[in-house]
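Structure file input-v7.cif with mmCIF, C-alpha atoms and all ligand atoms:
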```cif
data_structure
#
loop_
_atom_site.label_atom_id
_atom_site.label_comp_id
_atom_site.auth_asym_id
_atom_site.auth_seq_id
_atom_site.Cartn_x
_atom_site.Cartn_y
_atom_site.Cartn_z
CA MET I 1 68.69 27.07 -26.61
CA PRO I 2 66.10 24.66 -25.09
CA LEU I 3 67.28 21.26 -23.89
CA GLY I 4 65.19 18.11 -23.87
CA TYR I 5 65.25 14.32 -23.86
CA VAL I 6 64.44 12.21 -26.91
CA ILE I 7 61.55 10.00 -25.81
CA ARG I 8 60.90 8.12 -29.05
CA SER I 9 61.56 8.22 -32.75
CA HIS I 10 59.77 7.19 -35.86
CA SER I 11 61.40 7.12 -39.30
CA ASN I 12 63.52 10.24 -39.17
CA ILE I 13 61.35 12.14 -36.72
CA TYR I 14 62.40 12.44 -33.10
CA TYR I 15 60.00 13.35 -30.33
CA VAL I 16 61.77 15.44 -27.73
CA LEU I 17 60.35 16.30 -24.32
CA VAL I 18 61.08 20.01 -23.76
CA ASP I 19 59.66 21.51 -20.55
CA GLY I 20 57.01 18.80 -20.36
CA GLN I 21 55.95 19.34 -23.99
CA GLU I 22 56.54 16.90 -26.82
CA VAL I 23 58.28 18.62 -29.72
CA GLU I 24 58.51 16.94 -33.12
CA CYS I 25 62.05 17.28 -34.34
CA ARG I 26 64.07 16.52 -37.39
CA PRO I 27 67.79 16.24 -36.97
CA ARG I 28 69.77 18.71 -39.05
CA GLY I 29 73.16 18.66 -40.66
CA LYS I 30 75.29 15.67 -39.81
CA PHE I 31 72.69 14.10 -37.50
CA ARG I 32 70.36 13.66 -40.44
CA LEU I 33 72.86 11.41 -42.17
CA ASP I 34 73.33 8.88 -39.40
CA GLN I 35 70.13 7.94 -37.62
CA THR I 36 71.88 5.75 -35.08
CA GLN I 37 73.52 8.83 -33.60
CA VAL I 38 70.30 9.88 -31.90
CA ARG I 39 68.38 7.49 -29.68
CA ALA I 40 65.82 7.49 -26.90
CA GLY I 41 67.26 8.99 -23.76
CA ASP I 42 69.58 11.34 -25.62
CA HIS I 43 69.85 14.79 -24.09
CA VAL I 44 69.63 17.20 -27.02
CA GLU I 45 69.69 20.89 -27.85
CA VAL I 46 66.63 21.88 -29.80
CA ARG I 47 66.00 24.92 -31.96
CA LEU I 48 62.29 25.75 -32.00
CA GLU I 49 61.02 26.87 -35.39
CA ALA I 50 58.12 29.15 -36.25
CA ASP I 51 55.94 26.21 -37.40
CA GLY I 52 56.08 24.64 -33.92
CA GLU I 53 58.50 21.94 -35.01
CA GLY I 54 62.01 21.68 -33.72
CA ARG I 55 65.45 20.92 -35.06
CA ILE I 56 67.99 18.91 -33.14
CA ASP I 57 71.20 20.91 -33.24
CA LYS I 58 73.34 19.00 -30.83
CA VAL I 59 73.45 15.72 -28.89
CA LEU I 60 75.04 16.23 -25.48
CA PRO I 61 77.61 13.67 -24.29
CA ARG I 62 76.03 10.44 -23.00
CA ARG I 63 76.55 9.27 -19.45
CA ASN I 64 76.04 5.67 -20.60
CA CYS I 65 74.30 3.81 -23.35
CA LEU I 66 72.46 0.50 -23.52
CA GLU I 67 72.60 -1.30 -26.87
CA ARG I 68 69.72 -3.72 -26.37
CA PRO I 69 67.40 -1.94 -25.84
CA PRO I 70 69.01 1.16 -27.38
CA VAL I 71 68.57 3.82 -24.68
CA ALA I 72 71.04 6.49 -23.62
CA ASN I 73 71.58 8.08 -20.20
CA VAL I 74 69.91 5.32 -18.23
CA ASP I 75 69.86 6.00 -14.48
CA GLN I 76 68.46 2.68 -13.35
CA CYS I 77 67.04 -0.58 -14.48
CA LEU I 78 63.81 -1.79 -12.88
CA VAL I 79 64.28 -5.54 -12.92
CA VAL I 80 60.79 -7.02 -12.57
CA PHE I 81 60.64 -10.51 -11.11
CA THR I 82 57.90 -12.84 -9.88
CA LEU I 83 57.72 -15.89 -7.62
CA ALA I 84 54.54 -17.11 -9.31
CA GLU I 85 52.90 -16.78 -12.74
CA PRO I 86 55.55 -17.06 -14.14
CA GLU I 87 57.40 -19.02 -11.48
CA ALA I 88 60.76 -17.78 -10.23
CA ASP I 89 63.59 -18.08 -12.77
CA TYR I 90 66.67 -17.21 -10.71
CA PRO I 91 69.30 -17.82 -13.42
CA PHE I 92 67.44 -15.40 -15.68
CA LEU I 93 67.21 -12.78 -12.93
CA ASP I 94 70.93 -13.11 -12.25
CA ARG I 95 71.67 -12.91 -15.98
CA VAL I 96 69.77 -9.62 -16.27
CA LEU I 97 71.53 -8.28 -13.16
CA ILE I 98 74.95 -9.09 -14.68
CA HIS I 99 74.06 -7.16 -17.83
CA VAL I 100 72.83 -4.22 -15.81
CA GLU I 101 76.05 -4.22 -13.77
CA GLN I 102 78.11 -4.47 -16.95
CA ALA I 103 76.31 -1.50 -18.48
CA GLY I 104 77.13 0.52 -15.38
CA VAL I 105 73.47 1.03 -14.55
CA ALA I 106 71.97 0.75 -11.05
CA PRO I 107 69.42 -2.05 -10.62
CA LEU I 108 66.24 -1.82 -8.57
CA ILE I 109 64.52 -5.20 -8.21
CA LEU I 110 60.73 -5.07 -8.24
CA LEU I 111 59.24 -8.26 -6.83
CA ASN I 112 55.84 -8.14 -8.52
CA LYS I 113 52.63 -10.14 -8.04
CA ILE I 114 53.07 -10.40 -4.28
CA ASP I 115 49.28 -10.74 -4.14
CA LEU I 116 49.79 -14.30 -5.39
CA VAL I 117 52.30 -15.57 -2.83
CA GLU I 118 52.75 -15.98 0.93
CA GLN I 119 54.45 -13.23 2.92
CA GLU I 120 57.17 -15.72 3.98
CA ALA I 121 58.19 -16.23 0.34
CA VAL I 122 58.43 -12.46 -0.15
CA ASP I 123 60.52 -12.11 3.02
CA ALA I 124 62.86 -14.91 1.93
CA PHE I 125 63.41 -13.23 -1.44
CA VAL I 126 64.15 -9.87 0.21
CA ARG I 127 66.61 -11.53 2.59
CA THR I 128 68.47 -13.08 -0.33
CA TYR I 129 68.66 -10.24 -2.82
CA ARG I 130 68.63 -7.23 -0.49
CA ASP I 131 70.33 -8.43 2.67
CA GLN I 132 72.77 -10.98 1.24
CA VAL I 133 73.47 -9.69 -2.27
CA GLY I 134 72.93 -6.01 -1.52
CA TYR I 135 70.48 -4.81 -4.17
CA PRO I 136 67.50 -2.59 -3.41
CA VAL I 137 64.29 -4.66 -3.54
CA LEU I 138 60.70 -3.38 -3.52
CA PRO I 139 57.85 -5.91 -3.21
CA ILE I 140 54.88 -4.68 -5.26
CA SER I 141 51.64 -5.72 -6.86
CA ALA I 142 51.08 -3.77 -10.07
CA ARG I 143 47.57 -5.18 -10.28
CA GLU I 144 46.54 -4.29 -6.71
CA GLY I 145 48.59 -1.09 -6.62
CA TRP I 146 50.59 -2.28 -3.59
CA GLY I 147 54.01 -0.75 -3.02
CA LEU I 148 53.73 1.86 -5.76
CA ASP I 149 53.90 4.79 -3.32
CA ALA I 150 57.28 3.50 -2.23
CA LEU I 151 58.39 3.13 -5.85
CA LEU I 152 57.46 6.61 -7.15
CA PRO I 153 60.21 8.55 -5.35
CA HIS I 154 62.79 6.22 -6.96
CA LEU I 155 61.61 7.29 -10.42
CA VAL I 156 61.47 11.08 -10.11
CA GLY I 157 64.05 12.90 -12.23
CA LYS I 158 65.46 9.67 -13.65
CA ILE I 159 65.46 7.62 -16.83
CA SER I 160 64.42 4.09 -15.86
CA VAL I 161 64.30 1.03 -18.08
CA LEU I 162 62.10 -1.98 -17.33
CA ALA I 163 63.54 -5.46 -17.73
CA GLY I 164 62.27 -8.94 -16.98
CA HIS I 165 60.64 -12.00 -18.45
CA SER I 166 57.55 -11.76 -20.55
CA GLY I 167 54.48 -11.96 -18.32
CA VAL I 168 56.03 -10.60 -15.11
CA GLY I 169 53.87 -7.46 -15.30
CA LYS I 170 55.97 -4.72 -16.92
CA SER I 171 53.10 -3.36 -19.00
CA GLN I 172 50.71 -3.63 -16.06
CA LEU I 173 53.16 -1.58 -14.01
CA ILE I 174 53.30 1.16 -16.65
CA ARG I 175 49.52 1.34 -16.62
CA ALA I 176 49.43 1.42 -12.83
CA LEU I 177 52.00 4.22 -12.69
CA GLU I 178 50.61 6.22 -15.58
CA PRO I 179 46.81 5.97 -15.83
CA ARG I 180 46.92 8.15 -18.99
CA ARG I 181 48.65 5.28 -20.78
CA GLN I 182 45.86 2.72 -20.92
CA ASP I 183 46.91 2.13 -24.54
CA VAL I 184 49.80 0.02 -23.22
CA ARG I 185 48.66 -3.55 -23.75
CA VAL I 186 48.73 -6.00 -20.88
CA GLY I 187 49.11 -9.73 -21.43
CA GLU I 188 50.77 -9.44 -24.82
CA VAL I 189 54.14 -10.70 -25.86
CA SER I 190 55.92 -7.64 -27.16
CA ALA I 191 59.13 -9.16 -28.47
CA LYS I 192 57.94 -8.86 -32.05
CA SER I 193 55.73 -6.36 -33.75
CA ARG I 194 52.89 -7.31 -36.04
CA LYS I 195 55.20 -7.25 -39.02
CA GLY I 196 57.38 -9.80 -37.26
CA ARG I 197 60.21 -7.35 -36.79
CA HIS I 198 61.85 -6.94 -33.44
CA THR I 199 60.47 -3.90 -31.70
CA THR I 200 63.62 -3.36 -29.69
CA ARG I 201 64.60 -0.52 -32.01
CA HIS I 202 61.40 1.33 -31.22
CA VAL I 203 61.94 2.13 -27.60
CA GLU I 204 59.55 4.59 -26.07
CA LEU I 205 60.27 6.57 -22.94
CA ILE I 206 57.02 7.29 -21.14
CA PRO I 207 56.89 10.58 -19.21
CA LEU I 208 55.33 9.88 -15.79
CA SER I 209 53.03 12.54 -14.32
CA SER I 210 54.74 12.04 -10.97
CA GLY I 211 58.13 12.66 -12.59
CA GLY I 212 60.67 10.61 -14.48
CA LEU I 213 60.87 8.75 -17.78
CA LEU I 214 60.16 5.03 -18.00
CA ALA I 215 60.88 2.63 -20.87
CA ASP I 216 59.66 -0.90 -21.46
CA ALA I 217 62.51 -2.93 -22.90
CA PRO I 218 61.85 -6.13 -24.81
CA GLY I 219 65.53 -6.23 -25.80
CA PHE I 220 66.49 -7.70 -22.46
CA THR I 221 65.03 -11.06 -23.46
CA TYR I 222 68.00 -12.19 -25.53
CA LEU I 223 71.06 -12.06 -23.39
CA GLU I 224 74.43 -13.61 -24.07
CA PHE I 225 77.68 -12.93 -22.31
CA GLN I 226 79.49 -11.58 -25.34
CA ASP I 227 81.95 -9.14 -23.83
CA ILE I 228 82.61 -10.65 -20.43
CA GLU I 229 85.94 -12.35 -19.77
CA LYS I 230 85.87 -15.23 -17.33
CA TRP I 231 87.98 -13.36 -14.78
CA ASN I 232 85.64 -10.36 -14.93
CA LEU I 233 82.44 -12.28 -14.30
CA ARG I 234 83.04 -12.49 -10.53
CA ASP I 235 83.24 -8.69 -10.33
CA TYR I 236 79.60 -8.42 -11.39
CA PHE I 237 78.43 -10.33 -8.30
CA PRO I 238 78.51 -7.80 -5.42
CA GLU I 239 78.46 -10.51 -2.74
CA ILE I 240 81.40 -12.30 -4.39
CA VAL I 241 83.33 -9.04 -4.61
CA ARG I 242 82.82 -8.56 -0.86
CA HIS I 243 84.35 -11.93 -0.03
CA GLN I 244 87.01 -12.60 -2.64
CA ALA I 245 89.68 -10.50 -0.92
CA ALA I 246 89.90 -13.44 1.50
CA CYS I 247 90.86 -15.91 -1.27
CA ARG I 248 94.44 -17.15 -1.19
CA TYR I 249 94.92 -16.49 -4.91
CA SER I 250 94.02 -13.13 -6.45
CA ASP I 251 92.99 -14.87 -9.70
CA CYS I 252 90.75 -17.34 -7.81
CA LEU I 253 87.68 -18.34 -9.79
CA HIS I 254 86.08 -19.72 -6.62
CA ARG I 255 85.65 -23.27 -7.91
CA ALA I 256 88.14 -25.79 -6.54
CA GLU I 257 91.00 -23.47 -5.52
CA PRO I 258 92.31 -23.97 -1.97
CA ASP I 259 91.50 -21.37 0.71
CA CYS I 260 88.73 -19.74 -1.26
CA GLY I 261 87.01 -16.96 0.71
CA VAL I 262 83.96 -17.11 -1.51
CA ARG I 263 83.33 -20.82 -0.91
CA ALA I 264 83.93 -20.25 2.81
CA ALA I 265 81.24 -17.53 2.74
CA LEU I 266 78.96 -19.86 0.81
CA GLN I 267 79.40 -22.56 3.45
CA ALA I 268 78.75 -20.01 6.20
CA GLY I 269 75.47 -19.11 4.48
CA GLU I 270 76.61 -15.57 3.62
CA ILE I 271 76.38 -16.10 -0.13
CA PRO I 272 73.10 -17.52 -1.47
CA GLU I 273 73.50 -20.93 -3.07
CA SER I 274 71.36 -20.00 -6.08
CA ARG I 275 73.62 -17.03 -6.80
CA TYR I 276 76.73 -19.20 -6.60
CA GLU I 277 75.06 -21.70 -8.93
CA SER I 278 74.32 -18.90 -11.41
CA TYR I 279 77.95 -17.82 -11.19
CA LEU I 280 79.17 -21.34 -12.03
CA LEU I 281 76.62 -21.66 -14.84
CA PHE I 282 77.64 -18.36 -16.47
CA LEU I 283 81.32 -19.15 -16.02
CA ALA I 284 80.87 -22.46 -17.85
CA GLU I 285 78.94 -20.65 -20.57
CA ILE I 286 81.72 -18.11 -21.09
CA GLU I 287 84.37 -20.84 -21.14
CA SER I 288 82.52 -22.96 -23.69
CA LYS I 289 82.20 -19.96 -26.04
CA LYS I 290 85.87 -19.09 -25.82
CA ARG I 291 87.07 -22.58 -26.82
CA TRP I 292 87.36 -21.82 -30.51
N1 LIG U 301 47.98 -11.30 -9.84
C1 LIG U 301 48.69 -10.37 -10.48
N2 LIG U 301 48.74 -10.38 -11.83
C2 LIG U 301 49.47 -9.43 -12.45
C3 LIG U 301 50.17 -8.44 -11.74
N3 LIG U 301 50.83 -7.65 -12.63
C4 LIG U 301 50.52 -8.14 -13.84
N4 LIG U 301 49.69 -9.20 -13.76
C5 LIG U 301 49.14 -10.01 -14.87
O1 LIG U 301 50.20 -10.71 -15.51
C6 LIG U 301 49.94 -10.82 -16.92
C7 LIG U 301 51.11 -10.27 -17.72
O2 LIG U 301 51.25 -8.88 -17.46
P1 LIG U 301 51.98 -7.90 -18.48
O3 LIG U 301 51.99 -6.55 -17.85
O4 LIG U 301 51.45 -8.00 -19.85
O5 LIG U 301 53.47 -8.54 -18.45
P2 LIG U 301 54.74 -8.11 -19.35
O6 LIG U 301 54.90 -9.18 -20.39
O7 LIG U 301 55.90 -8.12 -18.39
O8 LIG U 301 54.49 -6.77 -19.93
C8 LIG U 301 48.65 -10.05 -17.17
O9 LIG U 301 47.59 -10.98 -17.21
C9 LIG U 301 48.53 -9.16 -15.95
O10 LIG U 301 47.19 -8.81 -15.65
C10 LIG U 301 50.11 -8.45 -10.30
O11 LIG U 301 50.69 -7.63 -9.59
N5 LIG U 301 49.35 -9.43 -9.75
MG MG U 302 54.47 -6.09 -21.88
ZN ZN U 303 87.95 -17.83 -4.29
#
```

Give the structure from the file, written as structure tokens.
Ligand SMILES: Nc1nc2c(ncn2[C@@H]2O[C@H](COP(=O)(O)OP(=O)(O)O)[C@@H](O)[C@H]2O)c(=O)[nH]1
Ligand SMILES: [Mg+2]
Ligand SMILES: [Zn+2]
Amino acid sequence: MPLGYVIRSHSNIYYVLVDGQEVECRPRGKFRLDQTQVRAGDHVEVRLEADGEGRIDKVLPRRNCLERPPVANVDQCLVVFTLAEPEADYPFLDRVLIHVEQAGVAPLILLNKIDLVEQEAVDAFVRTYRDQVGYPVLPISAREGWGLDALLPHLVGKISVLAGHSGVGKSQLIRALEPRRQDVRVGEVSAKSRKGRHTTRHVELIPLSSGGLLADAPGFTYLEFQDIEKWNLRDYFPEIVRHQAACRYSDCLHRAEPDCGVRAALQAGEIPESRYESYLLFLAEIESKKRW
């Protein structure tokens, strides 16, 4: 039986990519009753019917599943960030990275709009997030097409989800990567549809001609730390994880505790100050929510 990935859905119709072809499918049996059981990214078994339509017979087990945006089997999150237009918002970047870590998805940071800033600023960003924190970083310009050759191999054979502030160039990047998709609007706020409803339920995975599936994800705009305990937060900062074995206390929160390996690393310049500030900010946020 053919296998495919659900790339989008509308009402009760699911569009499944089977061997590079979009097949219109209706779920059968128990899947018809509960729409939420099938979502974009789901790997499904399809029965092809004589009329060219398909029926979803089975949803294969998910490797992981994002709730906002609702996408299953996500291989990586392309976290798009800019240093200008809009100006750098480090707490927001760190917030997105925490959510990506929590979902068990690999992040790839795309520093976009490098045509607008000095090379030194790009280098400083790469030093912080790649060398000190440890995430892969690719400097690109979606508008000028810079860095896209280096990005393509990261997308082949994977389901990637775009995240990042409005205006950082996510739609522009889709257009740059997939010239057939000039219908994707650039310069538009996509958090709400024309009817005023959130469009986060209508995720679309775009098949790239060079390989891979890519989704824009407006759902990443509203992020709260709902399921993170204060003693788990530190584990979502890779550079903190690397240094906290040196703390005197195993439950050290790296604030005022004596002999803290994390603060020692901060003082030695091995942990970026802005990351430590984000950590303290998120910790305070989690604590203030838990009070009641
Ligand atoms: N200078 C420059 N502008 C860009 C680049 N990428 C996107 N833009 C512009 O930034 C604005 C917002 O882009 P858009 O793709 O709609 O952002 P989105 O909200 O993240 O989808 C548009 O005016 C784009 O033309 C880039 O690499 N360089
Ligand atoms: Mg957009
Ligand atoms: Zn510590």

Protein and nucleic residues near ligand MG 302 (chain U), 7 Å, all atoms listed in the file, as an NGL selection string: :I and (166-167 or 169-171 or 185-190)

Distance in Å - atom CA of I:Ile206 versus atom CA of I:Val18: 13.6 Å

Neighbourhood of ligand LIG 301 (chain U) at 12 Å, counting all atoms listed in the file, reported as a PyMOL selection string: chain I and resi 78-87+110-117+139-148+162-177+182+184-191+215-218+220-221

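Note that the spacing between atom CA of I:Gln132 and atom CA of I:Leu66 amounts to 27.3 Å.
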
Env. residues ligand ZN 303 (chain U) / 6 Å / only C-alpha atoms and all ligand atoms / as a list in words: Gln244, Cys247, Cys252, Leu253, His254, Cys260, Gly261 and Val262 of chain I

Nearby residues (all atoms listed in the file) at most 6 Å from stretch 52-62 of chain I, same-chain spacing under 4 positions excluded, as a VMD selection string: chain I and resid 24 to 27 43 to 48 73

Keeping C-alpha atoms, export the residues of the selection given above as a PDB file, in the frame of the given file.
```pdb
ATOM      1  CA  GLU I  24      58.510  16.940 -33.120  1.00  0.00           C
ATOM      2  CA  CYS I  25      62.050  17.280 -34.340  1.00  0.00           C
ATOM      3  CA  ARG I  26      64.070  16.520 -37.390  1.00  0.00           C
ATOM      4  CA  PRO I  27      67.790  16.240 -36.970  1.00  0.00           C
ATOM      5  CA  HIS I  43      69.850  14.790 -24.090  1.00  0.00           C
ATOM      6  CA  VAL I  44      69.630  17.200 -27.020  1.00  0.00           C
ATOM      7  CA  GLU I  45      69.690  20.890 -27.850  1.00  0.00           C
ATOM      8  CA  VAL I  46      66.630  21.880 -29.800  1.00  0.00           C
ATOM      9  CA  ARG I  47      66.000  24.920 -31.960  1.00  0.00           C
ATOM     10  CA  LEU I  48      62.290  25.750 -32.000  1.00  0.00           C
ATOM     11  CA  ASN I  73      71.580   8.080 -20.200  1.00  0.00           C
TER      12      ASN I  73
END
```

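Nearest-residue note for I:Leu213: choosing from I:Glu178, I:Asp89, I:Glu229, I:Glu273, the minimum distance belongs to I:Glu178, counting all atoms listed in the file.
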
With a distance cut-off of 9 Å and all atoms listed in the file, select the neighbouring residues of stretch 276-282 of chain I, excluding the residue or stretch itself and same-chain residues fewer than 2 positions from it, and output the selection as a tab-separated table (two decimals) with C-alpha atoms, in the coordinates of the input.
```
chain	number	residue	atom	x	y	z
I	90	TYR	CA	66.67	-17.21	-10.71
I	91	PRO	CA	69.30	-17.82	-13.42
I	92	PHE	CA	67.44	-15.40	-15.68
I	94	ASP	CA	70.93	-13.11	-12.25
I	95	ARG	CA	71.67	-12.91	-15.98
I	225	PHE	CA	77.68	-12.93	-22.31
I	230	LYS	CA	85.87	-15.23	-17.33
I	233	LEU	CA	82.44	-12.28	-14.30
I	234	ARG	CA	83.04	-12.49	-10.53
I	237	PHE	CA	78.43	-10.33	-8.30
I	240	ILE	CA	81.40	-12.30	-4.39
I	254	HIS	CA	86.08	-19.72	-6.62
I	255	ARG	CA	85.65	-23.27	-7.91
I	263	ARG	CA	83.33	-20.82	-0.91
I	266	LEU	CA	78.96	-19.86	0.81
I	271	ILE	CA	76.38	-16.10	-0.13
I	272	PRO	CA	73.10	-17.52	-1.47
I	273	GLU	CA	73.50	-20.93	-3.07
I	274	SER	CA	71.36	-20.00	-6.08
I	284	ALA	CA	80.87	-22.46	-17.85
I	285	GLU	CA	78.94	-20.65	-20.57
I	286	ILE	CA	81.72	-18.11	-21.09
I	287	GLU	CA	84.37	-20.84	-21.14
```

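In this structure, atom CA of I:Gly20 sits 28.1 Å away from atom CA of I:Leu138.
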
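Residues in contact range of I:His154, defined as at most 12 Å between all atoms listed in the file, with sequence neighbours fewer than 3 positions away removed, read Asp75, Gln76, Cys77, Leu78, Ala106, Pro107, Leu108, Ile109, Leu110, Pro136, Val137, Leu138, Gly147, Leu148, Asp149, Ala150, Leu151, Gly157, Lys158, Ile159, Ser160, Ser210, Gly211, Gly212, Leu213 and Leu214 of chain I.
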
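For the choices I:Pro258, I:Pro207, I:Pro153, I:Pro70, the atom-to-atom distance to I:Ile7 is smallest for I:Pro207 when using all atoms listed in the file.
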
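If you measure from each of I:Leu205, I:Ala246, I:Gln267, I:Gln226 to I:Val74 using all atoms listed in the file, the closest one turns out to be I:Leu205.
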
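Distances from I:Glu204, I:Gln102, I:Trp231, I:Tyr249 to I:Val161 were compared using only C-alpha atoms, and the smallest one belongs to I:Glu204.
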
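Nearest to I:Gly41 of all the residues I:Arg275, I:Arg68, I:Arg8, I:Arg242 is I:Arg8, based on all atoms listed in the file.
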